[in-house]
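Pasting upload.pdb here (PDB, C-alpha atoms and all ligand atoms):
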```
ATOM      1  CA  MET A   1       0.000   0.000   0.000
ATOM      2  CA  ARG A   2       2.830   2.350   0.771
ATOM      3  CA  ILE A   3       4.026   2.249  -2.843
ATOM      4  CA  PHE A   4       0.628   3.329  -4.061
ATOM      5  CA  ASP A   5       0.483   6.100  -1.505
ATOM      6  CA  GLY A   6       3.804   7.397  -2.785
ATOM      7  CA  PHE A   7       2.596   7.129  -6.352
ATOM      8  CA  ASN A   8      -0.476   9.191  -5.554
ATOM      9  CA  GLU A   9       1.665  11.831  -3.972
ATOM     10  CA  LEU A  10       3.648  12.134  -7.179
ATOM     11  CA  LEU A  11       0.526  12.509  -9.273
ATOM     12  CA  PHE A  12      -1.193  14.855  -6.882
ATOM     13  CA  PRO A  13       1.461  16.678  -4.899
ATOM     14  CA  GLU A  14      -0.101  18.012  -1.765
ATOM     15  CA  LYS A  15      -0.526  21.720  -2.002
ATOM     16  CA  GLY A  16       0.463  23.950   0.838
ATOM     17  CA  VAL A  17      -2.127  26.247   2.321
ATOM     18  CA  CYS A  18      -1.443  29.794   3.374
ATOM     19  CA  LEU A  19      -2.898  30.202   6.847
ATOM     20  CA  PHE A  20      -3.201  33.948   6.426
ATOM     21  CA  CYS A  21      -5.364  34.003   3.290
ATOM     22  CA  GLY A  22      -6.281  30.392   2.490
ATOM     23  CA  ASN A  23      -4.391  30.424  -0.835
ATOM     24  CA  GLU A  24      -3.195  27.049  -2.024
ATOM     25  CA  GLU A  25       0.182  26.966  -3.697
ATOM     26  CA  GLU A  26       2.721  24.260  -4.193
ATOM     27  CA  ASP A  27       5.679  26.127  -2.809
ATOM     28  CA  ILE A  28       4.169  27.471   0.378
ATOM     29  CA  LYS A  29       6.709  27.422   3.151
ATOM     30  CA  ASN A  30       6.112  28.350   6.742
ATOM     31  CA  TYR A  31       2.328  28.661   6.206
ATOM     32  CA  ILE A  32       2.639  31.949   4.300
ATOM     33  CA  CYS A  33       2.066  32.370   0.535
ATOM     34  CA  ASN A  34       4.032  34.692  -1.694
ATOM     35  CA  TYR A  35       1.155  37.137  -1.950
ATOM     36  CA  CYS A  36       1.004  37.515   1.828
ATOM     37  CA  LYS A  37       4.798  37.669   2.057
ATOM     38  CA  ASP A  38       4.687  40.637  -0.296
ATOM     39  CA  ASN A  39       2.309  42.344   2.117
ATOM     40  CA  MET A  40       4.710  42.178   5.003
ATOM     41  CA  GLU A  41       7.745  44.295   5.569
ATOM     42  CA  TYR A  42      10.427  42.812   7.798
ATOM     43  CA  LEU A  43      12.207  45.366   9.916
ATOM     44  CA  ASN A  44      13.693  43.093  12.619
ATOM     45  CA  ARG A  45      14.055  46.296  14.551
ATOM     46  CA  GLU A  46      15.601  46.636  17.950
ATOM     47  CA  VAL A  47      13.912  49.312  20.063
ATOM     48  CA  ASP A  48      15.106  51.146  23.107
ATOM     49  CA  LEU A  49      12.280  51.286  25.644
ATOM     50  CA  ASP A  50      14.431  53.178  28.087
ATOM     51  CA  SER A  51      14.046  50.548  30.790
ATOM     52  CA  PRO A  52      16.755  49.313  33.159
ATOM     53  CA  TYR A  53      14.896  46.004  33.334
ATOM     54  CA  LEU A  54      15.108  45.079  29.677
ATOM     55  CA  GLY A  55      17.878  43.672  27.539
ATOM     56  CA  LYS A  56      17.150  43.441  23.838
ATOM     57  CA  VAL A  57      13.670  44.390  22.621
ATOM     58  CA  VAL A  58      13.011  43.423  19.014
ATOM     59  CA  TYR A  59       9.995  43.320  16.745
ATOM     60  CA  SER A  60       9.694  41.713  13.339
ATOM     61  CA  LEU A  61       7.332  43.599  11.065
ATOM     62  CA  PHE A  62       6.392  47.110  10.067
ATOM     63  CA  TYR A  63       2.916  47.825  11.460
ATOM     64  CA  ASN A  64       0.723  47.998   8.354
ATOM     65  CA  GLU A  65      -2.945  47.257   7.619
ATOM     66  CA  PHE A  66      -2.141  43.693   6.616
ATOM     67  CA  ILE A  67      -0.529  42.599   9.881
ATOM     68  CA  LYS A  68      -2.897  44.770  11.913
ATOM     69  CA  GLU A  69      -5.835  42.829  10.486
ATOM     70  CA  LYS A  70      -4.189  39.421  11.001
ATOM     71  CA  ILE A  71      -3.415  40.190  14.630
ATOM     72  CA  TYR A  72      -6.973  41.425  15.138
ATOM     73  CA  LEU A  73      -8.379  38.185  13.713
ATOM     74  CA  TYR A  74      -5.958  36.178  15.830
ATOM     75  CA  LYS A  75      -6.891  37.910  19.066
ATOM     76  CA  TYR A  76     -10.531  38.738  18.716
ATOM     77  CA  GLU A  77     -12.058  36.605  15.971
ATOM     78  CA  ASN A  78     -11.006  33.168  17.086
ATOM     79  CA  TYR A  79      -8.361  32.571  14.404
ATOM     80  CA  GLY A  80      -6.262  30.722  16.966
ATOM     81  CA  TYR A  81      -4.323  28.732  14.349
ATOM     82  CA  LEU A  82      -2.556  31.911  13.204
ATOM     83  CA  TYR A  83       0.040  31.208  15.883
ATOM     84  CA  LYS A  84       1.816  29.139  13.220
ATOM     85  CA  PRO A  85       2.558  31.809  10.582
ATOM     86  CA  LEU A  86       3.088  34.400  13.334
ATOM     87  CA  GLY A  87       5.510  32.023  15.042
ATOM     88  CA  GLU A  88       7.341  31.572  11.743
ATOM     89  CA  ILE A  89       7.672  35.349  11.411
ATOM     90  CA  LEU A  90       9.278  35.523  14.859
ATOM     91  CA  LEU A  91      11.563  32.586  14.077
ATOM     92  CA  LYS A  92      12.963  34.441  11.102
ATOM     93  CA  THR A  93      13.729  37.405  13.343
ATOM     94  CA  ILE A  94      15.231  35.184  16.046
ATOM     95  CA  TYR A  95      17.673  33.680  13.553
ATOM     96  CA  GLU A  96      18.505  36.950  11.858
ATOM     97  CA  LYS A  97      19.047  38.863  15.100
ATOM     98  CA  ASN A  98      20.724  35.919  16.805
ATOM     99  CA  LEU A  99      18.265  36.207  19.674
ATOM    100  CA  ILE A 100      18.452  32.767  21.220
ATOM    101  CA  GLU A 101      22.068  32.819  22.248
ATOM    102  CA  ASN A 102      22.092  32.240  26.022
ATOM    103  CA  ILE A 103      18.292  32.096  26.358
ATOM    104  CA  ASP A 104      17.338  29.648  29.126
ATOM    105  CA  ILE A 105      13.574  29.907  28.906
ATOM    106  CA  ILE A 106      10.845  31.345  26.745
ATOM    107  CA  THR A 107       7.732  32.852  28.258
ATOM    108  CA  TYR A 108       4.952  35.243  27.192
ATOM    109  CA  VAL A 109       2.964  38.249  28.306
ATOM    110  CA  PRO A 110       0.157  36.784  30.391
ATOM    111  CA  ILE A 111      -3.478  37.767  30.032
ATOM    112  CA  HIS A 112      -5.967  37.690  32.875
ATOM    113  CA  ARG A 113      -7.427  34.215  33.401
ATOM    114  CA  ARG A 114     -10.926  35.544  32.865
ATOM    115  CA  ARG A 115      -9.932  36.923  29.484
ATOM    116  CA  LYS A 116      -8.213  33.666  28.612
ATOM    117  CA  ALA A 117     -11.355  31.742  29.554
ATOM    118  CA  ILE A 118     -13.443  33.918  27.243
ATOM    119  CA  ARG A 119     -10.972  33.925  24.337
ATOM    120  CA  GLY A 120     -10.051  30.282  24.808
ATOM    121  CA  TYR A 121      -6.334  30.951  24.511
ATOM    122  CA  ASN A 122      -3.599  33.454  25.175
ATOM    123  CA  GLN A 123      -2.322  34.552  21.763
ATOM    124  CA  SER A 124       1.239  35.180  22.960
ATOM    125  CA  GLU A 125       1.373  31.888  24.851
ATOM    126  CA  LEU A 126       0.527  29.899  21.703
ATOM    127  CA  ILE A 127       3.332  31.596  19.786
ATOM    128  CA  ALA A 128       5.780  31.102  22.676
ATOM    129  CA  LYS A 129       4.873  27.411  22.842
ATOM    130  CA  TYR A 130       5.461  27.024  19.107
ATOM    131  CA  LEU A 131       8.885  28.695  19.350
ATOM    132  CA  SER A 132       9.834  26.670  22.407
ATOM    133  CA  LYS A 133       9.116  23.447  20.566
ATOM    134  CA  ILE A 134      11.009  24.357  17.405
ATOM    135  CA  LEU A 135      13.994  25.888  19.195
ATOM    136  CA  ASP A 136      14.040  23.234  21.914
ATOM    137  CA  ILE A 137      14.155  25.828  24.671
ATOM    138  CA  PRO A 138      11.927  25.209  27.709
ATOM    139  CA  LEU A 139       8.639  27.122  27.914
ATOM    140  CA  SER A 140       7.635  28.664  31.198
ATOM    141  CA  ARG A 141       3.855  28.610  31.643
ATOM    142  CA  GLU A 142       1.695  30.225  34.277
ATOM    143  CA  LYS A 143       4.582  31.234  36.507
ATOM    144  CA  LEU A 144       4.276  34.880  35.527
ATOM    145  CA  ILE A 145       0.608  35.727  35.817
ATOM    146  CA  ARG A 146      -1.651  38.715  35.345
ATOM    147  CA  ILE A 147      -3.702  39.515  38.407
ATOM    148  CA  LYS A 148      -5.352  42.762  37.348
ATOM    149  CA  HIS A 149      -7.294  44.033  34.366
ATOM    150  CA  THR A 150      -6.055  47.298  32.902
ATOM    151  CA  LYS A 151      -7.523  50.169  30.953
ATOM    152  CA  PRO A 152      -6.363  50.359  27.331
ATOM    153  CA  GLN A 153      -2.839  51.762  27.470
ATOM    154  CA  ASN A 154      -3.045  53.794  24.283
ATOM    155  CA  LYS A 155      -5.574  56.196  25.831
ATOM    156  CA  LEU A 156      -3.248  57.163  28.674
ATOM    157  CA  ASN A 157      -0.260  59.449  28.945
ATOM    158  CA  ARG A 158       3.192  58.171  29.877
ATOM    159  CA  TYR A 159       2.791  58.690  33.621
ATOM    160  CA  ASP A 160      -0.690  57.147  33.757
ATOM    161  CA  ARG A 161       0.478  54.208  31.678
ATOM    162  CA  MET A 162       3.101  53.360  34.274
ATOM    163  CA  LYS A 163       0.604  53.824  37.110
ATOM    164  CA  ASN A 164      -1.915  51.701  35.206
ATOM    165  CA  MET A 165       0.550  48.798  35.072
ATOM    166  CA  GLU A 166       1.476  48.767  38.746
ATOM    167  CA  GLY A 167       0.689  45.463  40.440
ATOM    168  CA  VAL A 168      -0.692  43.949  37.243
ATOM    169  CA  PHE A 169       1.739  41.021  37.072
ATOM    170  CA  LYS A 170       2.986  38.596  39.664
ATOM    171  CA  VAL A 171       5.561  35.798  39.779
ATOM    172  CA  VAL A 172       4.096  32.701  41.435
ATOM    173  CA  ASP A 173       7.262  30.606  41.532
ATOM    174  CA  SER A 174      10.569  32.455  41.524
ATOM    175  CA  THR A 175      12.663  29.260  41.215
ATOM    176  CA  GLU A 176      11.390  29.160  37.630
ATOM    177  CA  PHE A 177      13.189  32.386  36.693
ATOM    178  CA  GLU A 178      16.027  32.679  39.179
ATOM    179  CA  ASN A 179      19.312  33.526  37.504
ATOM    180  CA  LYS A 180      17.877  32.768  34.059
ATOM    181  CA  GLU A 181      18.064  34.587  30.773
ATOM    182  CA  ILE A 182      14.483  34.962  29.570
ATOM    183  CA  LEU A 183      12.891  35.689  26.217
ATOM    184  CA  ILE A 184       9.371  37.037  26.600
ATOM    185  CA  ILE A 185       6.956  36.958  23.661
ATOM    186  CA  ASP A 186       4.242  39.494  22.869
ATOM    187  CA  ASP A 187       2.084  39.979  19.798
ATOM    188  CA  ILE A 188       2.359  43.733  19.548
ATOM    189  CA  ILE A 189       4.272  46.409  21.422
ATOM    190  CA  THR A 190       1.901  49.339  21.663
ATOM    191  CA  THR A 191       3.482  51.626  24.231
ATOM    192  CA  GLY A 192       6.083  49.317  25.736
ATOM    193  CA  ALA A 193       4.605  49.732  29.232
ATOM    194  CA  THR A 194       3.333  46.126  29.420
ATOM    195  CA  ILE A 195       6.603  44.533  28.445
ATOM    196  CA  LYS A 196       8.549  46.844  30.759
ATOM    197  CA  GLU A 197       6.380  45.892  33.700
ATOM    198  CA  CYS A 198       6.717  42.169  32.914
ATOM    199  CA  ALA A 199      10.507  42.526  32.814
ATOM    200  CA  LYS A 200      10.515  44.458  36.080
ATOM    201  CA  VAL A 201       8.487  41.758  37.854
ATOM    202  CA  LEU A 202      10.602  38.958  36.351
ATOM    203  CA  LEU A 203      13.764  40.620  37.647
ATOM    204  CA  GLU A 204      12.521  41.837  41.019
ATOM    205  CA  GLU A 205      10.216  39.010  42.062
ATOM    206  CA  GLY A 206      11.589  36.263  39.835
ATOM    207  CA  GLN A 207      15.267  37.114  40.344
ATOM    208  CA  ALA A 208      15.861  36.640  36.640
ATOM    209  CA  LYS A 209      19.295  37.398  35.239
ATOM    210  CA  ASN A 210      18.148  39.171  32.113
ATOM    211  CA  VAL A 211      14.933  39.681  30.133
ATOM    212  CA  HIS A 212      14.700  40.142  26.373
ATOM    213  CA  ALA A 213      11.495  40.740  24.474
ATOM    214  CA  LEU A 214      10.259  39.821  21.018
ATOM    215  CA  ALA A 215       7.031  40.908  19.349
ATOM    216  CA  VAL A 216       5.477  40.481  15.917
ATOM    217  CA  THR A 217       5.050  44.201  15.338
ATOM    218  CA  SER A 218       4.895  47.537  17.078
ATOM    219  CA  GLY A 219       2.525  50.450  16.743
ATOM    220  CA  MET A 220       4.987  52.758  18.464
ATOM    221  CA  LYS A 221       5.859  55.951  16.699
ATOM    222  CA  LEU A 222       9.595  55.742  16.437
TER     223      LEU A 222
HETATM  224 ZN    ZN B 301      -1.561  34.132   1.786
END
```
When written as structure tokens, how does the structure in this file appear?
Amino acid sequence: MRIFDGFNELLFPEKGVCLFCGNEEEDIKNYICNYCKDNMEYLNREVDLDSPYLGKVVYSLFYNEFIKEKIYLYKYENYGYLYKPLGEILLKTIYEKNLIENIDIITYVPIHRRRKAIRGYNQSELIAKYLSKILDIPLSREKLIRIKHTKPQNKLNRYDRMKNMEGVFKVVDSTEFENKEILIIDDIITTGATIKECAKVLLEEGQAKNVHALAVTSGMKL
């Protein structure tokens, strides 16, 4: 039977499917078709968030309508499977920026458990899990948690944003992070306040050695 299976594959090569647009093409790699690739602009940009708690902060793509829409679908419209192409985008950046050197664990920006229950998943956690598996670096889950809801950060000024983030995150098991080099994953860096606060808590409560951050895109005006 195996011979026949192989024969069928030669006659009808399995087409790849683009998970962003549903296009079927034979040479689809990493779940993204050429059309969608042309709609993305890789920046692999390192940003300075002016935080003593953060090492490298890098995002992959220029924030355009294309990626804005995909992230919206991923977070709010139940397109949970988009963690695969989004994970592939981050992988490309990781390799190009040499981001995994010395990384002991990968984690993610936590969402409140109530929000996770409603959405069914944490978008950044799914991407972090995907990266952890491919890179063979342990994933830390549910050791950095979110204990407070926050107002949308983009409506606040710089001072209120920092105030808004106070006491939002908590480390529940510091042995997980102690003396470790951590890569934290987020989908989008909007103001930087969330990622800064996560890094602060990981260092102060978790006793981490260093925290680096990686996001798909950033809406920051730079
Ligand atoms: Zn596509």
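Checking A:Tyr42, A:Tyr159, A:Phe177, A:Tyr79 one by one against Asn64 of chain A, counting only C-alpha atoms, you find the shortest gap at A:Tyr42.
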* Selection as an MDAnalysis selection string: residues within 12 Å of (17.9, 30.9, 39.4), counting only C-alpha atoms -> chainID A and resid 104:105 173:182 202:203 205:210
* If you measure from atom CA of Phe169 of chain A to atom CA of Glu197 of chain A, what distance in Å do you get, rounded to one decimal? -> 7.5 Å
* Kindly resolve the PyMOL selection byres (((not hetatm)) within 9 of (chain B and resi 301)) on the present coordinates and return the residues as a list in words. => Val17, Cys18, Leu19, Phe20, Cys21, Gly22, Asn23, Glu24, Ile28, Tyr31, Ile32, Cys33, Asn34, Tyr35, Cys36 and Lys37 of chain A
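Taking all atoms listed in the file into account, Leu99 of chain A lies nearest to A:Gly55 out of the set A:Gly167, A:Gly16, A:Gly120, A:Gly55.
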* Near-segment 122-125 of chain A list (8 Å; only C-alpha atoms; drop same-chain fewer than 5 positions) as a list in words -> Tyr74, Lys75, Gly80, Tyr83, Thr107, Tyr108, Val109, Pro110, Ile111, Lys116, Arg141, Ile185, Asp186 and Asp187 of chain A
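Between atom CA of Leu135 of chain A and atom CA of Lys56 of chain A the interatomic distance comes to 18.4 Å.
On the file presented, the PyMOL selection byres (((chain A and resi 58) around 7) and not hetatm) picks out Asn44, Arg45, Glu46, Val47, Lys56, Val57, Tyr59, Ser60, Ala213, Leu214 and Ala215 of chain A.
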* Asked: Got a sec to resolve the PyMOL selection byres (((chain A and resi 189) around 9) and not hetatm) on this structure and send the residues as a PyMOL selection string?
  -> chain A and resi 59+186-188+190-195+214-220
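The two atoms in question, atom CA of Lys92 of chain A and atom CA of Ile127 of chain A, are spaced 13.3 Å apart.
Considering all atoms listed in the file, the residue among A:Ile106, A:Leu82, A:Leu43, A:Leu126 positioned nearest to Leu144 of chain A is A:Ile106.
Candidate residues A:Glu77, A:Leu131, A:Leu86, A:Leu156 were compared for distance to Ile118 of chain A, and the nearest is A:Glu77, using only C-alpha atoms.
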* Could you give me, as a PyMOL selection string, the residues within 7 Å of Lys170 of chain A, counting only C-alpha atoms and dropping anything in the same chain fewer than 6 positions from it? => chain A and resi 144-147+201
Dump as a compact mmCIF listing (two decimals), in the frame of the given file, selection limited to C-alpha atoms:
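To be explicit, this is the file written out as result.txt:
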```txt
# COMPACT_ATOMS: atom_id res chain seq x y z
CA LEU A 144 4.28 34.88 35.53
CA ILE A 145 0.61 35.73 35.82
CA ARG A 146 -1.65 38.72 35.34
CA ILE A 147 -3.70 39.52 38.41
CA VAL A 201 8.49 41.76 37.85
```
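Residues within 9 Å of Thr150 of chain A, counting all atoms listed in the file and excluding same-chain residues fewer than 3 positions away, are A:Gln153, A:Asn164, A:Met165, A:Val168.
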